[in-house]
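Chemist: Next up, target-v1.cif (mmCIF, C-alpha atoms).
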data_coords
#
loop_
_atom_site.label_atom_id
_atom_site.label_comp_id
_atom_site.auth_asym_id
_atom_site.auth_seq_id
_atom_site.Cartn_x
_atom_site.Cartn_y
_atom_site.Cartn_z
CA MET P 1 11.04 25.27 31.38
CA SER P 2 11.30 22.52 28.76
CA PRO P 3 8.82 19.65 29.15
CA PHE P 4 11.66 17.31 28.10
CA ASP P 5 14.26 15.75 30.34
CA THR P 6 17.18 17.20 28.43
CA ARG P 7 19.64 15.28 30.61
CA VAL P 8 18.68 12.19 28.59
CA PRO P 9 20.15 12.20 25.05
CA ALA P 10 18.60 10.52 22.03
CA VAL P 11 20.55 8.09 19.86
CA LEU P 12 19.27 7.51 16.31
CA LEU P 13 20.36 4.21 14.76
CA ARG P 14 20.29 3.54 11.03
CA VAL P 15 21.88 0.46 9.46
CA ASP P 16 20.57 1.03 5.92
CA ARG P 17 23.04 2.99 3.78
CA ASN P 18 20.44 5.32 2.21
CA PRO P 19 22.01 8.82 2.23
CA PHE P 20 18.67 10.47 1.38
CA HIS P 21 16.63 9.20 4.32
CA HIS P 22 14.75 12.36 5.27
CA GLY P 23 13.08 10.67 8.24
CA THR P 24 16.41 10.63 10.06
CA LEU P 25 16.78 14.37 9.53
CA GLY P 26 13.22 14.86 10.76
CA ALA P 27 14.02 13.05 14.02
CA VAL P 28 17.25 15.02 14.45
CA ARG P 29 15.42 18.31 14.06
CA SER P 30 12.39 17.39 16.15
CA LEU P 31 14.37 16.38 19.22
CA GLY P 32 17.16 18.91 18.69
CA ARG P 33 14.66 21.77 18.63
CA ALA P 34 13.32 20.47 21.95
CA GLY P 35 16.77 20.85 23.51
CA VAL P 36 17.64 17.15 23.48
CA ASP P 37 21.23 16.10 22.74
CA VAL P 38 20.88 14.11 19.47
CA GLN P 39 23.55 11.62 18.41
CA VAL P 40 23.42 9.56 15.23
CA ILE P 41 24.80 6.11 14.46
CA ALA P 42 24.68 5.94 10.66
CA ASP P 43 26.69 6.21 7.49
CA THR P 44 26.23 9.92 6.77
CA ALA P 45 28.90 10.21 4.07
CA GLY P 46 27.25 12.07 1.23
CA SER P 47 24.12 12.66 3.32
CA PRO P 48 22.51 16.04 4.08
CA VAL P 49 21.80 14.78 7.62
CA ALA P 50 25.43 15.36 8.59
CA ARG P 51 25.01 19.09 7.89
CA SER P 52 22.23 19.66 10.43
CA ARG P 53 23.08 22.02 13.26
CA PHE P 54 20.99 19.84 15.58
CA VAL P 55 23.34 16.82 15.36
CA ARG P 56 25.59 16.73 18.41
CA ARG P 57 27.74 13.82 17.28
CA ILE P 58 27.88 11.18 14.52
CA HIS P 59 29.14 7.67 15.26
CA PRO P 60 30.19 5.07 12.65
CA PRO P 61 27.53 2.43 11.96
CA PRO P 62 27.89 -1.34 12.14
CA PRO P 63 29.30 -2.91 8.95
CA PRO P 64 27.00 -3.69 5.97
CA GLY P 65 25.01 -6.86 6.62
CA ALA P 66 25.67 -6.50 10.34
CA SER P 67 24.47 -9.26 12.64
CA PRO P 68 22.60 -8.47 15.88
CA ALA P 69 25.90 -9.08 17.70
CA ASP P 70 27.60 -6.45 15.51
CA ILE P 71 24.80 -3.98 16.19
CA ALA P 72 24.95 -4.67 19.93
CA ALA P 73 28.71 -4.09 19.93
CA ALA P 74 28.33 -0.75 18.14
CA LEU P 75 25.61 0.35 20.56
CA ARG P 76 27.64 -0.64 23.61
CA GLY P 77 30.58 1.40 22.30
CA VAL P 78 28.42 4.49 21.87
CA ALA P 79 26.83 3.97 25.31
CA ALA P 80 30.30 3.89 26.89
CA ARG P 81 31.16 7.24 25.26
CA ILE P 82 27.88 8.86 26.30
CA ALA P 83 28.17 7.46 29.85
CA ARG P 84 24.51 8.01 30.77
CA PRO P 85 21.19 6.39 29.77
CA ALA P 86 19.85 7.44 26.36
CA VAL P 87 16.62 6.99 24.43
CA LEU P 88 17.38 4.74 21.44
CA ILE P 89 15.36 5.22 18.23
CA PRO P 90 15.89 2.74 15.35
CA MET P 91 15.17 4.44 12.04
CA ASP P 92 14.99 1.46 9.66
CA ASP P 93 13.58 -2.07 9.72
CA ALA P 94 16.92 -3.86 10.16
CA SER P 95 17.86 -1.83 13.22
CA ALA P 96 14.31 -1.94 14.64
CA VAL P 97 14.21 -5.74 14.45
CA ALA P 98 17.72 -6.11 15.90
CA VAL P 99 17.13 -3.66 18.76
CA ALA P 100 13.82 -5.28 19.74
CA GLY P 101 15.65 -8.59 20.13
CA LEU P 102 18.45 -6.94 22.12
CA ARG P 103 16.25 -4.95 24.51
CA GLU P 104 17.25 -6.76 27.69
CA GLU P 105 20.92 -6.81 26.73
CA LEU P 106 20.95 -3.06 25.98
CA ALA P 107 19.30 -2.03 29.26
CA PRO P 108 19.98 0.06 31.28
CA ALA P 109 22.27 1.93 28.88
CA TYR P 110 19.34 2.55 26.55
CA LEU P 111 15.68 3.31 27.23
CA LEU P 112 13.38 1.30 24.97
CA PRO P 113 9.64 0.50 24.72
CA GLN P 114 8.60 -2.88 26.08
CA THR P 115 7.45 -4.46 22.83
CA PRO P 116 6.71 -8.16 23.47
CA GLY P 117 9.28 -10.75 22.37
CA ALA P 118 9.82 -11.04 18.62
CA LEU P 119 6.76 -8.95 17.72
CA ALA P 120 8.76 -6.29 15.85
CA GLU P 121 10.28 -8.97 13.65
CA ARG P 122 6.91 -10.60 13.00
CA VAL P 123 5.15 -7.42 11.90
CA ALA P 124 8.08 -6.33 9.71
CA ASP P 125 8.14 -9.69 7.91
CA LYS P 126 5.62 -9.43 5.05
CA ALA P 127 4.71 -13.12 5.15
CA GLU P 128 4.27 -13.12 8.95
CA LEU P 129 2.15 -9.97 8.68
CA ALA P 130 -0.27 -11.75 6.35
CA ALA P 131 -0.74 -14.48 8.96
CA LEU P 132 -1.21 -11.92 11.75
CA CYS P 133 -3.86 -10.09 9.72
CA ALA P 134 -5.74 -13.35 9.21
CA SER P 135 -5.66 -14.07 12.95
CA LEU P 136 -6.88 -10.55 13.80
CA ASP P 137 -9.53 -10.45 11.04
CA VAL P 138 -7.84 -7.40 9.50
CA PRO P 139 -8.38 -6.81 5.76
CA HIS P 140 -5.22 -7.74 3.85
CA PRO P 141 -4.60 -8.61 0.19
CA LEU P 142 -4.79 -12.35 -0.50
CA THR P 143 -1.20 -13.56 -0.08
CA LEU P 144 0.47 -16.76 -1.26
CA VAL P 145 3.99 -17.94 -0.39
CA PRO P 146 5.20 -20.28 -3.18
CA ASP P 147 7.71 -23.04 -2.45
CA GLY P 148 9.25 -23.28 -5.91
CA PRO P 149 9.39 -21.54 -9.33
CA ALA P 150 6.56 -23.62 -10.80
CA GLU P 151 4.41 -22.91 -7.74
CA ALA P 152 5.18 -19.19 -8.12
CA ALA P 153 3.88 -19.28 -11.70
CA ARG P 154 0.71 -21.10 -10.61
CA ALA P 155 0.19 -18.68 -7.71
CA ALA P 156 0.39 -15.71 -10.08
CA LEU P 157 -2.37 -17.23 -12.23
CA ARG P 158 -4.47 -18.07 -9.19
CA LEU P 159 -4.28 -14.51 -7.84
CA GLY P 160 -4.97 -12.97 -11.23
CA LEU P 161 -2.55 -10.83 -13.20
CA PRO P 162 -1.06 -8.36 -12.56
CA VAL P 163 0.20 -9.54 -9.19
CA VAL P 164 2.33 -7.90 -6.52
CA ALA P 165 5.59 -9.65 -5.59
CA LYS P 166 7.29 -8.85 -2.27
CA TRP P 167 10.34 -10.12 -0.47
CA SER P 168 9.30 -11.01 3.06
CA ARG P 169 12.29 -9.35 4.77
CA PRO P 170 13.34 -6.49 2.51
CA TRP P 171 16.06 -5.34 4.90
CA LEU P 172 18.02 -8.46 3.92
CA LEU P 173 18.16 -7.63 0.20
CA PRO P 174 21.72 -7.10 -1.03
CA SER P 175 22.56 -3.61 -2.20
CA GLY P 176 23.42 -3.14 -5.83
CA GLY P 177 21.82 -6.40 -6.93
CA GLY P 178 18.83 -4.85 -8.70
CA LEU P 179 16.26 -6.48 -6.40
CA ARG P 180 13.44 -4.25 -5.21
CA SER P 181 11.35 -4.97 -2.14
CA THR P 182 8.11 -4.74 -4.14
CA VAL P 183 7.44 -5.15 -7.85
CA VAL P 184 4.35 -5.70 -10.02
CA LEU P 185 4.52 -8.83 -12.19
CA ARG P 186 2.45 -9.28 -15.33
CA SER P 187 3.06 -12.90 -16.35
CA PRO P 188 3.65 -16.32 -14.76
CA GLN P 189 7.12 -16.37 -16.33
CA GLU P 190 8.09 -13.21 -14.45
CA ALA P 191 7.01 -14.87 -11.20
CA ARG P 192 9.02 -17.98 -12.05
CA GLU P 193 12.16 -15.96 -12.84
CA LEU P 194 11.88 -13.76 -9.76
CA TYR P 195 11.50 -16.82 -7.52
CA ALA P 196 14.80 -18.12 -8.96
CA ARG P 197 16.52 -15.22 -7.17
CA THR P 198 15.35 -16.33 -3.71
CA ALA P 199 18.83 -17.38 -2.56
CA GLU P 200 20.19 -14.01 -3.62
CA ALA P 201 17.40 -12.20 -1.73
CA GLY P 202 18.00 -14.13 1.49
CA CYS P 203 14.30 -14.34 2.34
CA ARG P 204 10.99 -15.71 1.07
CA LEU P 205 9.13 -14.44 -1.98
CA LEU P 206 5.43 -13.83 -1.55
CA LEU P 207 2.77 -12.94 -4.09
CA GLN P 208 -0.23 -10.75 -3.31
CA ALA P 209 -3.45 -9.89 -5.07
CA PHE P 210 -3.07 -6.54 -6.79
CA LEU P 211 -5.13 -3.70 -5.33
CA PRO P 212 -5.13 -0.98 -7.99
CA PRO P 213 -3.98 2.48 -6.90
CA GLY P 214 -6.29 5.42 -7.31
CA THR P 215 -7.22 8.83 -6.01
CA ASP P 216 -7.55 8.82 -2.22
CA ARG P 217 -6.90 5.06 -1.91
CA ASP P 218 -3.43 5.06 -0.31
CA ARG P 219 -3.60 5.85 3.39
CA PHE P 220 -1.17 5.61 6.29
CA PHE P 221 -1.28 5.91 10.04
CA HIS P 222 1.61 6.88 12.30
CA GLY P 223 1.58 6.68 16.06
CA TYR P 224 3.35 5.92 19.30
CA ALA P 225 1.88 3.31 21.66
CA ASP P 226 2.91 4.44 25.12
CA ARG P 227 3.63 2.36 28.24
CA ALA P 228 -0.12 1.96 28.83
CA GLY P 229 -0.82 1.08 25.19
CA THR P 230 -2.48 4.41 24.36
CA VAL P 231 -1.72 5.66 20.85
CA ARG P 232 -0.26 9.17 20.85
CA GLY P 233 1.65 11.56 18.64
CA GLY P 234 0.41 10.64 15.18
CA GLY P 235 -2.65 10.36 12.98
CA PRO P 236 -4.08 9.27 9.63
CA GLY P 237 -2.81 10.64 6.34
CA VAL P 238 -3.40 10.26 2.63
CA LYS P 239 -0.60 9.67 0.12
CA LEU P 240 -1.07 12.18 -2.69
CA ARG P 241 2.08 11.30 -4.60
CA ALA P 242 4.45 8.35 -4.33
CA TRP P 243 7.99 7.65 -5.51
CA PRO P 244 8.14 5.37 -7.46
CA ARG P 245 4.59 5.99 -8.59
CA GLY P 246 1.94 3.64 -7.27
CA ALA P 247 4.06 1.65 -4.82
CA GLY P 248 6.77 3.86 -3.34
CA LEU P 249 7.45 6.17 -0.42
CA THR P 250 5.28 9.20 0.29
CA ALA P 251 6.52 12.12 -1.79
CA VAL P 252 3.48 14.26 -0.92
CA GLY P 253 1.16 13.49 1.99
CA ARG P 254 -1.67 15.26 3.79
CA TRP P 255 -3.01 14.93 7.34
CA THR P 256 -6.62 13.92 6.76
CA PRO P 257 -9.28 12.81 9.26
CA ASP P 258 -10.13 9.14 8.75
CA PRO P 259 -11.99 7.54 11.66
CA GLN P 260 -12.06 4.14 9.94
CA VAL P 261 -8.27 3.97 9.51
CA ARG P 262 -7.69 5.33 13.03
CA GLN P 263 -10.01 2.79 14.63
CA LEU P 264 -8.49 -0.09 12.68
CA SER P 265 -4.92 1.01 13.46
CA GLU P 266 -5.59 1.34 17.18
CA ARG P 267 -7.28 -2.07 17.22
CA ILE P 268 -4.33 -3.74 15.48
CA VAL P 269 -1.79 -2.20 17.85
CA GLY P 270 -3.92 -2.90 20.89
CA GLU P 271 -4.65 -6.55 20.10
CA LEU P 272 -0.98 -7.23 19.34
CA GLY P 273 0.13 -5.53 22.56
CA TYR P 274 2.62 -3.47 20.55
CA ARG P 275 4.59 -0.71 22.29
CA GLY P 276 6.64 1.98 20.60
CA ILE P 277 6.60 3.92 17.33
CA PHE P 278 4.83 2.42 14.32
CA ASP P 279 3.96 3.31 10.73
CA LEU P 280 1.10 1.46 9.00
CA ASP P 281 0.37 1.56 5.25
CA PHE P 282 -3.10 0.88 3.85
CA ARG P 283 -4.75 0.76 0.43
CA ARG P 284 -8.50 0.76 0.01
CA GLY P 285 -9.94 -2.22 -1.83
CA GLU P 286 -12.74 -2.18 -4.36
CA ASP P 287 -15.23 -2.33 -1.48
CA GLY P 288 -13.70 0.80 0.09
CA SER P 289 -12.29 -0.98 3.13
CA PRO P 290 -8.67 -0.20 4.09
CA HIS P 291 -6.37 -3.21 3.62
CA LEU P 292 -3.18 -3.27 5.69
CA LEU P 293 -0.15 -3.55 3.41
CA ASP P 294 2.78 -2.88 5.77
CA PHE P 295 3.49 -2.59 9.49
CA ASN P 296 6.77 -0.78 10.07
CA PRO P 297 7.99 -0.99 13.70
CA ARG P 298 9.80 2.37 13.54
CA PRO P 299 9.13 5.98 12.51
CA GLY P 300 7.86 6.47 8.97
CA ALA P 301 9.95 8.86 6.92
CA GLN P 302 7.10 11.42 6.81
CA PHE P 303 6.31 11.29 10.55
CA ARG P 304 6.80 15.06 10.91
CA LEU P 305 3.55 15.53 9.00
CA PHE P 306 1.82 14.73 12.29
CA ALA P 307 3.24 17.51 14.48
CA ASP P 308 0.13 18.73 16.30
CA SER P 309 -0.72 22.14 17.79
CA ALA P 310 1.40 21.32 20.88
CA GLY P 311 4.36 20.27 18.71
CA LEU P 312 3.98 16.60 19.61
CA ASP P 313 5.08 13.97 17.09
CA VAL P 314 5.97 10.29 17.50
CA VAL P 315 9.67 10.74 18.38
CA ARG P 316 8.88 13.44 20.93
CA ALA P 317 6.14 11.23 22.37
CA LEU P 318 8.65 8.38 22.73
CA HIS P 319 11.24 10.52 24.51
CA LEU P 320 8.70 12.07 26.88
CA ASP P 321 7.08 8.74 27.72
CA LEU P 322 10.31 6.81 28.31
CA THR P 323 11.64 9.58 30.58
CA HIS P 324 8.33 9.60 32.50
CA ARG P 325 7.35 13.11 31.45
CA PRO P 326 3.72 14.06 30.68
CA LEU P 327 2.75 14.32 27.02
CA PRO P 328 1.14 17.64 26.06
CA GLU P 329 -2.40 17.59 24.71
CA GLY P 330 -2.62 19.16 21.25
CA THR P 331 -5.17 19.25 18.47
CA PRO P 332 -4.71 17.73 14.97
CA ARG P 333 -3.66 20.08 12.17
CA TYR P 334 -5.83 18.58 9.44
CA GLY P 335 -4.90 19.64 5.93
CA ARG P 336 -1.22 20.07 6.78
CA GLU P 337 1.08 18.67 4.08
CA PHE P 338 4.49 17.02 3.93
CA VAL P 339 6.55 17.26 0.74
CA VAL P 340 9.85 15.62 -0.21
CA GLU P 341 11.32 18.31 -2.44
CA ASN P 342 13.62 16.17 -4.56
CA TYR P 343 10.73 13.85 -5.49
CA SER P 344 8.08 16.55 -5.99
CA PRO P 345 9.75 19.97 -6.35
CA LEU P 346 6.87 21.73 -8.09
CA THR P 347 4.46 20.78 -5.30
CA ALA P 348 6.89 22.29 -2.78
CA LEU P 349 6.53 25.66 -4.52
CA ARG P 350 2.72 25.77 -4.51
CA PRO P 351 0.73 27.50 -1.74
CA ALA P 352 -0.46 25.34 1.17
CA SER P 353 -3.33 26.93 3.04
CA ALA P 354 -3.15 24.58 6.06
CA GLY P 355 0.64 24.63 6.35
CA ARG P 356 3.40 22.45 4.99
CA GLU P 357 6.61 20.86 6.18
CA LEU P 358 9.42 20.14 3.75
CA ALA P 359 11.59 17.08 4.19
CA TRP P 360 14.93 18.84 3.69
CA SER P 361 14.53 22.61 3.84
CA ALA P 362 13.90 24.47 7.09
CA PRO P 363 14.42 28.15 7.97
CA ASP P 364 16.20 27.28 11.23
CA ASP P 365 18.42 24.58 9.67
CA ARG P 366 19.28 25.60 6.12
CA ALA P 367 22.45 23.62 5.47
CA PRO P 368 20.81 20.19 4.87
CA GLY P 369 18.44 21.63 2.25
CA ARG P 370 21.28 23.27 0.34
CA ALA P 371 23.40 20.12 0.56
CA MET P 372 20.54 17.94 -0.63
CA TRP P 373 20.22 19.64 -4.02
CA SER P 374 23.94 19.39 -4.71
CA LEU P 375 24.16 15.76 -3.62
CA TRP P 376 20.90 14.79 -5.34
CA SER P 377 22.03 16.22 -8.69
CA ARG P 378 25.18 14.12 -8.52
CA HIS P 379 23.20 11.04 -7.47
CA VAL P 380 20.72 11.37 -10.35
CA GLY P 381 23.50 11.99 -12.86
CA ARG P 382 25.32 8.88 -11.69
CA ARG P 383 22.18 6.74 -11.88
CA LEU P 384 21.36 7.93 -15.39
CA SER P 385 24.91 7.18 -16.54
CA GLU P 386 24.68 3.68 -15.08
CA ARG P 387 21.33 3.20 -16.79
CA LEU P 388 22.66 4.25 -20.17
CA ARG P 389 25.68 1.95 -19.86
CA ALA P 390 23.43 -0.96 -18.86
CA GLN P 391 20.88 -0.56 -21.67
CA PRO P 392 22.59 -2.82 -24.27
CA ALA P 393 22.81 -5.68 -21.77
CA GLU P 394 19.24 -5.11 -20.55
CA ARG P 395 17.67 -5.64 -23.96
CA GLY P 396 18.21 -9.37 -23.71
CA ARG P 397 17.21 -9.77 -20.06
CA ALA P 398 13.86 -10.82 -18.62
CA ARG P 399 11.24 -8.17 -18.07
CA VAL P 400 11.20 -8.81 -14.32
CA VAL P 401 14.85 -7.75 -14.13
CA ARG P 402 14.08 -4.55 -16.04
CA GLN P 403 11.32 -3.75 -13.57
CA ALA P 404 13.71 -4.22 -10.68
CA SER P 405 16.14 -1.59 -11.99
CA ALA P 406 15.87 2.19 -11.74
CA PRO P 407 13.19 3.91 -13.84
CA ASP P 408 14.30 6.02 -16.78
CA LEU P 409 13.07 9.55 -17.38
CA THR P 410 10.27 8.44 -19.71
CA ASP P 411 8.58 6.85 -16.68
CA LEU P 412 8.48 10.07 -14.66
CA SER P 413 5.72 12.59 -14.02
CA ASP P 414 6.38 16.31 -14.60
CA ASP P 415 7.27 16.85 -10.94
CA GLU P 416 9.57 13.85 -10.95
CA LYS P 417 11.30 14.93 -14.16
CA ALA P 418 12.00 18.29 -12.58
CA SER P 419 13.56 16.60 -9.56
CA SER P 420 15.92 14.73 -11.86
CA CYS P 421 17.23 17.87 -13.55
#
Using structure tokens, write down the structure from this file.

Modeler:
Amino acid sequence: MSPFDTRVPAVLLRVDRNPFHHGTLGAVRSLGRAGVDVQVIADTAGSPVARSRFVRRIHPPPPPGASPADIAAALRGVAARIARPAVLIPMDDASAVAVAGLREELAPAYLLPQTPGALAERVADKAELAALCASLDVPHPLTLVPDGPAEAARAALRLGLPVVAKWSRPWLLPSGGGLRSTVVLRSPQEARELYARTAEAGCRLLLQAFLPPGTDRDRFFHGYADRAGTVRGGGPGVKLRAWPRGAGLTAVGRWTPDPQVRQLSERIVGELGYRGIFDLDFRRGEDGSPHLLDFNPRPGAQFRLFADSAGLDVVRALHLDLTHRPLPEGTPRYGREFVVENYSPLTALRPASAGRELAWSAPDDRAPGRAMWSLWSRHVGRRLSERLRAQPAERGRARVVRQASAPDLTDLSDDEKASSC
């Protein structure tokens, strides 16, 4: 008998139009393999996710730039078609923030964790997170929020160059505008020019002290805080390769014991009273202490790294807990790896003694992996063509704008070059 209440479907919500979001496919497979009816609200045109045999139904997403009212309307429409309570899992920051604010309105059609008030929005906002870290005495890079272009230039000098620039609410950034959520600036003028795009970004610019990357410095912790506040279904990992390098998503990660990161993560979640799935990113400072960089109130894209010996991961933990089913007790599978093949294809081919999960390819669900390579080749070809057409205009633009655009092949490692071919 399945430990899951398979009468209760799962609805995955994704507002962001990223067709290569492998975390969504991971959630589809994890719950689908458990016998749960998985339905997806997302734009899956040109996405390998639509090819998975574990997707029961795909629903159209809210329009780009959707308001909470738009998101609520889309969710109510899906609830009416399902006609029974469902576990709702936001898969990106925009949907996580909106759903947390709509929790009472969406009940009882959807089962959701009881995260307090606007907490999801506060932890997702980079400027608010800095204030929360200060109040909790959690190590965090020194962060300044300038109130004008001249102040941005002075803040960059005060922090010491290079400096990290972040938009406080990256889910609000317009698509196609060349703005990236995080960029490294190397002069006061770059800070001044980036601040001038604040209206376009739709949120505040903040500057942070630069913590240099290095071997074993980038850590993350995934988990699910259940109804009692106990953290289940995740663990600590180390980022072995990132895309883009140094400040991007996890292209290769490994489940690694780290009592210091675990203790700090559980303290943060516990003191905030957070409930639900979370993904925390850390970077060790010069003193070796882990500094919290991001608190994502939703599953991290590599959450399937942390599938333990009982098969428990964060999305399974959520479904079991919200349907009042016991969570199985498993043991960590330290050394297990997670690889995103299109960002690190050579790594995906090497032996992995402790086991490995690939983001796209799976022996029991082959179609998404095959579709990914075809779609990715077209995507890369299109981006390179756009880059070549834009080069004459870029020569006269500020360096900060060049950093915000896509990297060319000369910036790539050997693995990354292979993924672009």

Chemist: If the PyMOL selection byres ((chain P and resi 365) around 10) is run on the structure shown, which residues does it catch, given as a ChimeraX atom specification?

Modeler: /P:29,51-54,360-364,366-370

Chemist: Using only C-alpha atoms, please write the residues we just selected to a file, as a compact mmCIF listing (two decimals), in the frame of the given file.

Modeler:
# COMPACT_ATOMS: atom_id res chain seq x y z
CA ARG P 29 15.42 18.31 14.06
CA ARG P 51 25.01 19.09 7.89
CA SER P 52 22.23 19.66 10.43
CA ARG P 53 23.08 22.02 13.26
CA PHE P 54 20.99 19.84 15.58
CA TRP P 360 14.93 18.84 3.69
CA SER P 361 14.53 22.61 3.84
CA ALA P 362 13.90 24.47 7.09
CA PRO P 363 14.42 28.15 7.97
CA ASP P 364 16.20 27.28 11.23
CA ARG P 366 19.28 25.60 6.12
CA ALA P 367 22.45 23.62 5.47
CA PRO P 368 20.81 20.19 4.87
CA GLY P 369 18.44 21.63 2.25
CA ARG P 370 21.28 23.27 0.34

Chemist: Name the residues that the PyMOL selection byres ((chain P and resi 133) around 12) picks from the file above, as number ranges by chain, using the file's chain letters and numbers.

Modeler: P: 122-123, 126-132, 134-143, 264-265, 267-269, 271-272, 291-295

Chemist: Write a file of the just-selected residues containing C-alpha atoms, as a PDB file, keeping the file's coordinate frame.

Modeler:
ATOM      1  CA  ARG P 122       6.910 -10.600  13.000  1.00  0.00           C
ATOM      2  CA  VAL P 123       5.150  -7.420  11.900  1.00  0.00           C
ATOM      3  CA  LYS P 126       5.620  -9.430   5.050  1.00  0.00           C
ATOM      4  CA  ALA P 127       4.710 -13.120   5.150  1.00  0.00           C
ATOM      5  CA  GLU P 128       4.270 -13.120   8.950  1.00  0.00           C
ATOM      6  CA  LEU P 129       2.150  -9.970   8.680  1.00  0.00           C
ATOM      7  CA  ALA P 130      -0.270 -11.750   6.350  1.00  0.00           C
ATOM      8  CA  ALA P 131      -0.740 -14.480   8.960  1.00  0.00           C
ATOM      9  CA  LEU P 132      -1.210 -11.920  11.750  1.00  0.00           C
ATOM     10  CA  ALA P 134      -5.740 -13.350   9.210  1.00  0.00           C
ATOM     11  CA  SER P 135      -5.660 -14.070  12.950  1.00  0.00           C
ATOM     12  CA  LEU P 136      -6.880 -10.550  13.800  1.00  0.00           C
ATOM     13  CA  ASP P 137      -9.530 -10.450  11.040  1.00  0.00           C
ATOM     14  CA  VAL P 138      -7.840  -7.400   9.500  1.00  0.00           C
ATOM     15  CA  PRO P 139      -8.380  -6.810   5.760  1.00  0.00           C
ATOM     16  CA  HIS P 140      -5.220  -7.740   3.850  1.00  0.00           C
ATOM     17  CA  PRO P 141      -4.600  -8.610   0.190  1.00  0.00           C
ATOM     18  CA  LEU P 142      -4.790 -12.350  -0.500  1.00  0.00           C
ATOM     19  CA  THR P 143      -1.200 -13.560  -0.080  1.00  0.00           C
ATOM     20  CA  LEU P 264      -8.490  -0.090  12.680  1.00  0.00           C
ATOM     21  CA  SER P 265      -4.920   1.010  13.460  1.00  0.00           C
ATOM     22  CA  ARG P 267      -7.280  -2.070  17.220  1.00  0.00           C
ATOM     23  CA  ILE P 268      -4.330  -3.740  15.480  1.00  0.00           C
ATOM     24  CA  VAL P 269      -1.790  -2.200  17.850  1.00  0.00           C
ATOM     25  CA  GLU P 271      -4.650  -6.550  20.100  1.00  0.00           C
ATOM     26  CA  LEU P 272      -0.980  -7.230  19.340  1.00  0.00           C
ATOM     27  CA  HIS P 291      -6.370  -3.210   3.620  1.00  0.00           C
ATOM     28  CA  LEU P 292      -3.180  -3.270   5.690  1.00  0.00           C
ATOM     29  CA  LEU P 293      -0.150  -3.550   3.410  1.00  0.00           C
ATOM     30  CA  ASP P 294       2.780  -2.880   5.770  1.00  0.00           C
ATOM     31  CA  PHE P 295       3.490  -2.590   9.490  1.00  0.00           C
TER      32      PHE P 295
END

Chemist: Would you list the residues near (20.5, -1.9, 20.6) (no more than 6 Å away, in the coordinates of the file, using all atoms listed in the file) as a PyMOL selection string?

Modeler: chain P and resi 72+75+99+102+106

Chemist: If the PyMOL selection byres ((chain P and resi 338) around 7) were run on this exact file, what residues would it hold? Put them as a PyMOL selection string.

Modeler: chain P and resi 252-254+302+305+337+339-340+356-358

Chemist: Using only C-alpha atoms, determine which residues lie at most 12 Å from Ala45 (chain P), disregarding the query and same-chain residues fewer than 4 positions distant; provide the list as a list in words.

Modeler: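 Once the adjacent positions are removed, what remains is Arg17, Asn18, Pro19, Phe20, Ile41, Val49, Ala50, Arg51, Ile58, His59, Pro60, Pro61, Ala371 and Leu375 of chain P.
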
Chemist: Can you pull out the residues contacting Pro62 (chain P)? Cut-off 8 Å, using only C-alpha atoms, and skip same-chain residues under 2 positions away; I want them as a list in words.

Modeler: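 Returned residues: Val15, Pro60, Pro64, Ala66, Asp70, Ile71 and Ala74 of chain P.
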
Chemist: Write out, as CSV, each residue of region 259-298 of chain P that has an atom at most 8 Å from region 211-219 of chain P, together with the closest pair of atoms and their distance in Å to one decimal, counting all atoms listed in the file, rows going by chain and rising number.

Modeler:
residue,atom,partner,partner_atom,distance
P:Val261,CA,P:Arg219,CA,7.9
P:Asp281,CA,P:Arg219,CA,6.1
P:Phe282,CA,P:Arg219,CA,5.0
P:Arg283,CA,P:Asp218,CA,4.6
P:Arg284,CA,P:Arg217,CA,5.0
P:Gly285,CA,P:Leu211,CA,6.1
P:Glu286,CA,P:Leu211,CA,7.8
P:Pro290,CA,P:Arg219,CA,7.9

Chemist: Could you state the separation of CA of Glu193 (chain P) and CA of Pro174 (chain P) in Å, given to one decimal place?

Modeler: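 So the answer is 17.6 Å.
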
Chemist: Give as a PDB file with C-alpha atoms, in the coordinates of the input each residue that has an atom at most 10 Å from (14.8, -15.6, -8.8) in the file, counting only C-alpha atoms.

Modeler:
ATOM      1  CA  GLY P 148       9.250 -23.280  -5.910  1.00  0.00           C
ATOM      2  CA  PRO P 149       9.390 -21.540  -9.330  1.00  0.00           C
ATOM      3  CA  LEU P 179      16.260  -6.480  -6.400  1.00  0.00           C
ATOM      4  CA  GLU P 190       8.090 -13.210 -14.450  1.00  0.00           C
ATOM      5  CA  ALA P 191       7.010 -14.870 -11.200  1.00  0.00           C
ATOM      6  CA  ARG P 192       9.020 -17.980 -12.050  1.00  0.00           C
ATOM      7  CA  GLU P 193      12.160 -15.960 -12.840  1.00  0.00           C
ATOM      8  CA  LEU P 194      11.880 -13.760  -9.760  1.00  0.00           C
ATOM      9  CA  TYR P 195      11.500 -16.820  -7.520  1.00  0.00           C
ATOM     10  CA  ALA P 196      14.800 -18.120  -8.960  1.00  0.00           C
ATOM     11  CA  ARG P 197      16.520 -15.220  -7.170  1.00  0.00           C
ATOM     12  CA  THR P 198      15.350 -16.330  -3.710  1.00  0.00           C
ATOM     13  CA  ALA P 199      18.830 -17.380  -2.560  1.00  0.00           C
ATOM     14  CA  GLU P 200      20.190 -14.010  -3.620  1.00  0.00           C
ATOM     15  CA  ALA P 201      17.400 -12.200  -1.730  1.00  0.00           C
ATOM     16  CA  LEU P 205       9.130 -14.440  -1.980  1.00  0.00           C
ATOM     17  CA  VAL P 400      11.200  -8.810 -14.320  1.00  0.00           C
ATOM     18  CA  VAL P 401      14.850  -7.750 -14.130  1.00  0.00           C
TER      19      VAL P 401
END
